[in-house]
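Engineer: Would you mind keeping the following structure in view while I ask a few things?
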Amino acid sequence: MRHGDHVHAVDGEIGEVQGFVVDSEDHRVTHVLLREGHLWGRKEIAIPVSAVVDLDEGIRLKLTKQQVEDLPPVQ
């Protein structure tokens with residue numbers, strides 16, 4: 001996984017990786033940061049790595065676009 005990789009929900013592409021959240025104790029990635037939405041209504045969302053099912057040709061999630069949209073924005 002790296003910055004700029006395409007992120008795909010079950011029902012289509014939803015954006016690109018903007019960054020990662022790393023656990024300060026064990027240095028493992030816990031969340032993938034995704035910027036979602038349009039230029040005038042963007043929000044950054046933290047997607048748990050447990051939702052990642054594949055890393056082939058980008059990041060594939062086991063979530064739908066709606067499930068990703070329903071995740072709370074990063075504060």
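As shown in the structure tokens, the chain order sets the letters A, B, ...; within each chain, residues go from 1, and ligands are also counted from 1 in the order they appear.
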Skip region 55-62 of chain A itself and residues of its chain fewer than 3 positions away, then list as a short mmCIF file (atom, residue, chain, number, x, y, z; two decimals) with all heavy atoms, in the first residue's frame all residues within 6 Å of it, counting only C-alpha atoms.

Structural biologist:
data_model
loop_
_atom_site.label_atom_id
_atom_site.label_comp_id
_atom_site.auth_asym_id
_atom_site.auth_seq_id
_atom_site.Cartn_x
_atom_site.Cartn_y
_atom_site.Cartn_z
N ASP A 5 -2.42 5.08 -4.26
CA ASP A 5 -3.05 3.85 -4.74
C ASP A 5 -4.56 4.05 -4.84
O ASP A 5 -5.16 4.73 -3.99
CB ASP A 5 -2.79 2.67 -3.78
CG ASP A 5 -1.42 2.04 -3.96
OD1 ASP A 5 -0.72 2.38 -4.92
OD2 ASP A 5 -1.06 1.19 -3.11
N HIS A 6 -5.17 3.47 -5.84
CA HIS A 6 -6.62 3.55 -6.00
C HIS A 6 -7.29 2.63 -4.98
O HIS A 6 -6.78 1.55 -4.68
CB HIS A 6 -7.04 3.13 -7.41
CG HIS A 6 -6.59 4.11 -8.44
ND1 HIS A 6 -7.32 5.22 -8.77
CD2 HIS A 6 -5.47 4.16 -9.19
CE1 HIS A 6 -6.67 5.92 -9.69
NE2 HIS A 6 -5.54 5.30 -9.96
N VAL A 7 -8.42 3.09 -4.45
CA VAL A 7 -9.19 2.32 -3.48
C VAL A 7 -10.51 1.94 -4.12
O VAL A 7 -11.21 2.79 -4.67
CB VAL A 7 -9.42 3.13 -2.18
CG1 VAL A 7 -10.21 2.30 -1.18
CG2 VAL A 7 -8.10 3.59 -1.59
N HIS A 8 -10.85 0.65 -4.04
CA HIS A 8 -12.06 0.12 -4.67
C HIS A 8 -12.98 -0.48 -3.62
O HIS A 8 -12.56 -1.36 -2.87
CB HIS A 8 -11.71 -0.96 -5.69
CG HIS A 8 -10.73 -0.52 -6.73
ND1 HIS A 8 -11.12 0.08 -7.90
CD2 HIS A 8 -9.38 -0.55 -6.75
CE1 HIS A 8 -10.04 0.38 -8.61
NE2 HIS A 8 -8.97 0.00 -7.93
N ALA A 9 -14.22 -0.02 -3.58
CA ALA A 9 -15.25 -0.65 -2.77
C ALA A 9 -15.79 -1.83 -3.57
O ALA A 9 -15.42 -2.04 -4.73
CB ALA A 9 -16.36 0.35 -2.47
N VAL A 10 -16.68 -2.59 -2.97
CA VAL A 10 -17.30 -3.72 -3.65
C VAL A 10 -17.97 -3.28 -4.95
O VAL A 10 -17.91 -3.98 -5.95
CB VAL A 10 -18.33 -4.41 -2.72
CG1 VAL A 10 -19.11 -5.47 -3.44
CG2 VAL A 10 -17.63 -4.99 -1.49
N ALA A 51 -10.93 -4.05 6.78
CA ALA A 51 -11.85 -3.98 5.64
C ALA A 51 -11.14 -4.23 4.31
O ALA A 51 -11.79 -4.36 3.28
CB ALA A 51 -12.54 -2.62 5.61
N VAL A 52 -9.81 -4.30 4.33
CA VAL A 52 -9.02 -4.55 3.11
C VAL A 52 -9.01 -6.05 2.83
O VAL A 52 -8.67 -6.85 3.70
CB VAL A 52 -7.58 -4.02 3.25
CG1 VAL A 52 -6.75 -4.38 2.03
CG2 VAL A 52 -7.58 -2.52 3.49
#

Engineer: Given only C-alpha atoms as the basis, pick out the residue of A:Asp54, A:Asp11, A:Glu44, A:Asp23 nearest to Leu71 (chain A).

Structural biologist: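 Looking at the shortest contact to Leu71 (chain A), the residue is A:Glu44.
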
Engineer: Calculate how many Å separate CA of Arg2 (chain A) from CA of Gln18 (chain A), rounding to one decimal.

Structural biologist: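 A separation of 8.5 Å between them.
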
Engineer: Could you jot down the CA of Gln75 (chain A) to CA of Val49 (chain A) separation for me, Å, one decimal place?

Structural biologist: 18.3 Å

Engineer: Going by DSSP on the backbone, which residues of chain A come out as helix (DSSP H, G or I)? List them as a list in words.

Structural biologist: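 Helix (DSSP H, G or I) assignments inside chain A correspond to Val49, Ser50, Ala51, Lys65, Gln66, Gln67, Val68 and Glu69 of chain A.
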
Engineer: Could you work out how far CA of Asp70 (chain A) lies from CA of Val17 (chain A), giving the answer in Å with one decimal?

Structural biologist: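 Atom-to-atom, CA of Val17 (chain A) to CA of Asp70 (chain A), that is 17.6 Å.
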
Engineer: Counting only C-alpha atoms, figure out which residue out of A:Ile45, A:His31, A:Gln67, A:Ile14 gets nearest to Met1 (chain A).

Structural biologist: A:His31

Engineer: Write out as an MDAnalysis selection string each polymer residue whose atoms come within 10 Å of Thr30 (chain A), counting only C-alpha atoms; drop sequence neighbours fewer than 2 positions from it.

Structural biologist: chainID A and resid 20:23 27:28 32:33 46:50

Engineer: Restricting it to C-alpha atoms, dump the selection as a short mmCIF file (atom, residue, chain, number, x, y, z; two decimals), in the first residue's frame.

Structural biologist:
data_model
loop_
_atom_site.label_atom_id
_atom_site.label_comp_id
_atom_site.auth_asym_id
_atom_site.auth_seq_id
_atom_site.Cartn_x
_atom_site.Cartn_y
_atom_site.Cartn_z
CA PHE A 20 -2.09 5.84 6.84
CA VAL A 21 -2.66 5.64 10.58
CA VAL A 22 0.11 3.70 12.31
CA ASP A 23 -0.07 2.26 15.83
CA HIS A 27 4.22 0.31 14.21
CA ARG A 28 1.53 -1.51 12.22
CA VAL A 32 -6.03 3.66 5.42
CA LEU A 33 -6.85 7.36 4.98
CA ALA A 46 -10.09 6.36 8.11
CA ILE A 47 -10.86 2.87 6.80
CA PRO A 48 -9.84 0.02 9.14
CA VAL A 49 -7.29 -2.34 7.56
CA SER A 50 -9.63 -5.19 8.54
#
